[in-house]
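Take a look at the structure set out below.
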Amino acid sequence: MNFFKPRFWDKKQISAYSIFLLPISLIIQFFGKIRNLSTSGKKFSIPVICVGNIYLGGTGKTPICIELNSILKNLNKKTVYIRKKHDAYEDEKKLLEQSGPVYERSKRAEALNDALKNKFEVAILDDGFQDFSIKKDFSIVCFIEKQWIGNELTIPSGPLREKISSLKRAD
C-alpha cells in the first residue's frame, strides 16, 4: 500500500506543520484511549506472540514473523500466522504463506479461534500491537534505525501510531 509520508515526520525538531496538526493528534489519542479501555483482551489457550510497531509503515515486521516462525518450527512447534484481513496487504500475506499457514479475518480473535480448531500450538500475530482484543503472551516491537521514532509525535503530527510510552507493553 502506497501512501504519502510527510518529510516533517522524520525530522527531530518539531515543525509548524506538526504544531498545526497537534489538536487532531490529541483527539485521535483520546478516542483511542476510550476504545482501548472498553476492550478487554481475550486470553487464548496457546501462546500468542505479537510482532508489531508503533511507527506507521514498514518496519520489518513480516520478515521478523517469518524468522520467528522458522525458530519455532525448529523446536517442533505447529505454528500459524494470524492477521487482520486487509486486501491492500496481499503481498505480505503471500510472503508469510511461503513459510506457514496464514489465518485472516476482519478480527484477529476470530482468526485465532479458527486456528485453535486446527490444533496449532503457537500463534504469531503479524502487526497486532494495537489490537487490545487479544492478550499477548509476548510482544516484539520493530523499528528501523534510520527512521527510529521521527519527531516523536503521533499521527498526523508525526509518524507514531501511539505514544512512545506504549513500549511499556512490549517485551
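The chains in the C-alpha cells are called A, B, ... from first to last as shown; in each chain the residues are counted from 1, and the ligands are counted from 1 in the order shown.
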Using only C-alpha atoms, find each residue in segment 13-71 of chain A having at least one atom no more than 8 Å away from segment 108-126 of chain A; report its shortest atom-to-atom pair and that distance in Å (one decimal), rows by chain then rising number, as a Markdown table.
```
| residue | atom | partner | partner_atom | distance |
| --- | --- | --- | --- | --- |
| A:Lys42 | CA | A:Ala109 | CA | 7.9 |
| A:Ile46 | CA | A:Val122 | CA | 5.7 |
| A:Pro47 | CA | A:Val122 | CA | 5.2 |
| A:Val48 | CA | A:Ala123 | CA | 4.9 |
| A:Ile49 | CA | A:Ile124 | CA | 4.9 |
| A:Cys50 | CA | A:Leu125 | CA | 4.6 |
| A:Val51 | CA | A:Asp126 | CA | 5.4 |
| A:Gly52 | CA | A:Asp126 | CA | 6.5 |
| A:Lys61 | CA | A:Asp126 | CA | 6.8 |
| A:Thr62 | CA | A:Asp126 | CA | 6.6 |
| A:Cys65 | CA | A:Asp126 | CA | 6.6 |
| A:Asn69 | CA | A:Ile124 | CA | 7.6 |
```
Output the selection as a PDB file, in the first residue's frame - N, CA and C atoms for each residue.
```pdb
ATOM      1  N   LYS A  42      -8.845 -10.984  25.232  1.00  0.00           N
ATOM      2  CA  LYS A  42      -9.181 -12.388  25.450  1.00  0.00           C
ATOM      3  C   LYS A  42      -7.893 -13.205  25.526  1.00  0.00           C
ATOM      4  N   ILE A  46      -3.347 -21.094  23.593  1.00  0.00           N
ATOM      5  CA  ILE A  46      -2.000 -21.288  23.053  1.00  0.00           C
ATOM      6  C   ILE A  46      -1.227 -19.987  23.200  1.00  0.00           C
ATOM      7  N   PRO A  47       0.108 -20.050  23.213  1.00  0.00           N
ATOM      8  CA  PRO A  47       0.882 -18.817  23.286  1.00  0.00           C
ATOM      9  C   PRO A  47       0.637 -17.939  22.062  1.00  0.00           C
ATOM     10  N   VAL A  48       0.492 -16.653  22.314  1.00  0.00           N
ATOM     11  CA  VAL A  48       0.304 -15.667  21.249  1.00  0.00           C
ATOM     12  C   VAL A  48       1.491 -14.718  21.293  1.00  0.00           C
ATOM     13  N   ILE A  49       2.258 -14.717  20.215  1.00  0.00           N
ATOM     14  CA  ILE A  49       3.419 -13.843  20.096  1.00  0.00           C
ATOM     15  C   ILE A  49       3.068 -12.761  19.090  1.00  0.00           C
ATOM     16  N   CYS A  50       3.226 -11.517  19.499  1.00  0.00           N
ATOM     17  CA  CYS A  50       2.880 -10.385  18.649  1.00  0.00           C
ATOM     18  C   CYS A  50       4.156  -9.724  18.120  1.00  0.00           C
ATOM     19  N   VAL A  51       4.164  -9.462  16.815  1.00  0.00           N
ATOM     20  CA  VAL A  51       5.234  -8.685  16.199  1.00  0.00           C
ATOM     21  C   VAL A  51       4.560  -7.442  15.626  1.00  0.00           C
ATOM     22  N   GLY A  52       4.858  -6.293  16.207  1.00  0.00           N
ATOM     23  CA  GLY A  52       4.194  -5.066  15.782  1.00  0.00           C
ATOM     24  C   GLY A  52       5.136  -3.887  15.741  1.00  0.00           C
ATOM     25  N   LYS A  61       8.297  -5.969  10.151  1.00  0.00           N
ATOM     26  CA  LYS A  61       7.518  -6.928  10.951  1.00  0.00           C
ATOM     27  C   LYS A  61       7.406  -8.287  10.268  1.00  0.00           C
ATOM     28  N   THR A  62       7.065  -8.293   8.998  1.00  0.00           N
ATOM     29  CA  THR A  62       6.834  -9.557   8.301  1.00  0.00           C
ATOM     30  C   THR A  62       8.093 -10.425   8.263  1.00  0.00           C
ATOM     31  N   CYS A  65       8.477 -11.961  11.646  1.00  0.00           N
ATOM     32  CA  CYS A  65       7.493 -13.047  11.831  1.00  0.00           C
ATOM     33  C   CYS A  65       7.980 -14.332  11.173  1.00  0.00           C
ATOM     34  N   ASN A  69       8.868 -17.753  13.084  1.00  0.00           N
ATOM     35  CA  ASN A  69       8.204 -18.987  12.690  1.00  0.00           C
ATOM     36  C   ASN A  69       9.234 -20.091  12.430  1.00  0.00           C
TER      37      ASN A  69
END
```
*Find the residues around segment 12-19 of chain A up to 9 Å (only C-alpha atoms counted), leave out those fewer than 3 positions away in its own chain, and share them as number ranges by chain.*
A: 8-9, 22-23, 149-153, 156-158
*Leaving out Lys84 of chain A and any residue of its chain fewer than 3 positions from it, which residues lie within 7 Å of it when counting only C-alpha atoms, given as an NGL selection string?*
:A and (104-108)
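Of the listed residues A:Gln29, A:Thr79, A:Gln130, A:Thr154, the one whose atoms come nearest to Asp10 of chain A is A:Thr154, with distances taken using only C-alpha atoms.
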*Might you pull out every residue within 9 Å of Lys135 of chain A, with only C-alpha atoms counted and same-chain residues fewer than 4 positions away left off, and present them as JSON, numbers by chain?*
{"A": [40, 41, 42, 43, 44, 48, 131]}
Take the residues from that selection and put them in a file with N, CA and C atoms, as a short mmCIF file (atom, residue, chain, number, x, y, z; two decimals), in the first residue's frame.
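New file selection_12.cif:
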```cif
data_model
loop_
_atom_site.label_atom_id
_atom_site.label_comp_id
_atom_site.auth_asym_id
_atom_site.auth_seq_id
_atom_site.Cartn_x
_atom_site.Cartn_y
_atom_site.Cartn_z
N SER A 40 -11.54 -5.53 26.51
CA SER A 40 -10.74 -6.39 27.38
C SER A 40 -10.19 -7.53 26.54
N GLY A 41 -8.91 -7.75 26.66
CA GLY A 41 -8.25 -8.75 25.85
C GLY A 41 -8.62 -10.16 26.24
N LYS A 42 -8.85 -10.98 25.23
CA LYS A 42 -9.18 -12.39 25.45
C LYS A 42 -7.89 -13.21 25.53
N LYS A 43 -7.81 -14.06 26.52
CA LYS A 43 -6.68 -14.97 26.68
C LYS A 43 -7.00 -16.25 25.91
N PHE A 44 -6.03 -16.71 25.11
CA PHE A 44 -6.21 -17.92 24.33
C PHE A 44 -5.40 -19.06 24.94
N VAL A 48 0.49 -16.65 22.31
CA VAL A 48 0.30 -15.67 21.25
C VAL A 48 1.49 -14.72 21.29
N ASP A 131 -3.86 -4.04 18.80
CA ASP A 131 -5.11 -4.81 18.94
C ASP A 131 -5.24 -5.25 20.40
#
```
*Output as a PyMOL selection string all residues of segment 26-122 of chain A that backbone DSSP marks as strand (DSSP E).*
chain A and resi 48-52+79-84+102-105+122
Dump as a compact mmCIF listing (two decimals), in the first residue's frame, selection limited to C-alpha atoms:
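File written: result-v9.txt
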```txt
# COMPACT_ATOMS: atom_id res chain seq x y z
CA VAL A 48 0.30 -15.67 21.25
CA ILE A 49 3.42 -13.84 20.10
CA CYS A 50 2.88 -10.38 18.65
CA VAL A 51 5.23 -8.68 16.20
CA GLY A 52 4.19 -5.07 15.78
CA THR A 79 2.73 -22.51 14.21
CA VAL A 80 0.24 -20.26 12.50
CA TYR A 81 0.27 -16.64 11.38
CA ILE A 82 -2.69 -14.53 12.45
CA ARG A 83 -3.52 -11.36 10.53
CA LYS A 84 -6.31 -8.87 10.21
CA VAL A 102 -2.00 -17.78 7.47
CA TYR A 103 -5.39 -17.22 9.08
CA GLU A 104 -7.06 -13.91 8.32
CA ARG A 105 -10.37 -12.47 9.44
CA VAL A 122 1.72 -21.16 18.75
```
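Using only C-alpha atoms, the smallest distance between any of A:Glu162, A:Gly58, A:Lys77, A:His86 and Phe31 of chain A comes from A:Glu162.
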*Mind giving me the straight-line distance from atom CA of Glu90 of chain A to atom CA of Thr59 of chain A in Å, one decimal?*
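Going from atom CA of Glu90 of chain A over to atom CA of Thr59 of chain A, I get 17.0 Å.
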_Which of A:Phe20, A:Phe129, A:Phe138, A:Phe4 sits closest to Ser166 of chain A [using only C-alpha atoms]_ = A:Phe129
*Those of segment 30-165 of chain A in DSSP alpha helix (DSSP H), formatted as a ChimeraX atom specification*: /A:30-37,61-74,90-97,108-117
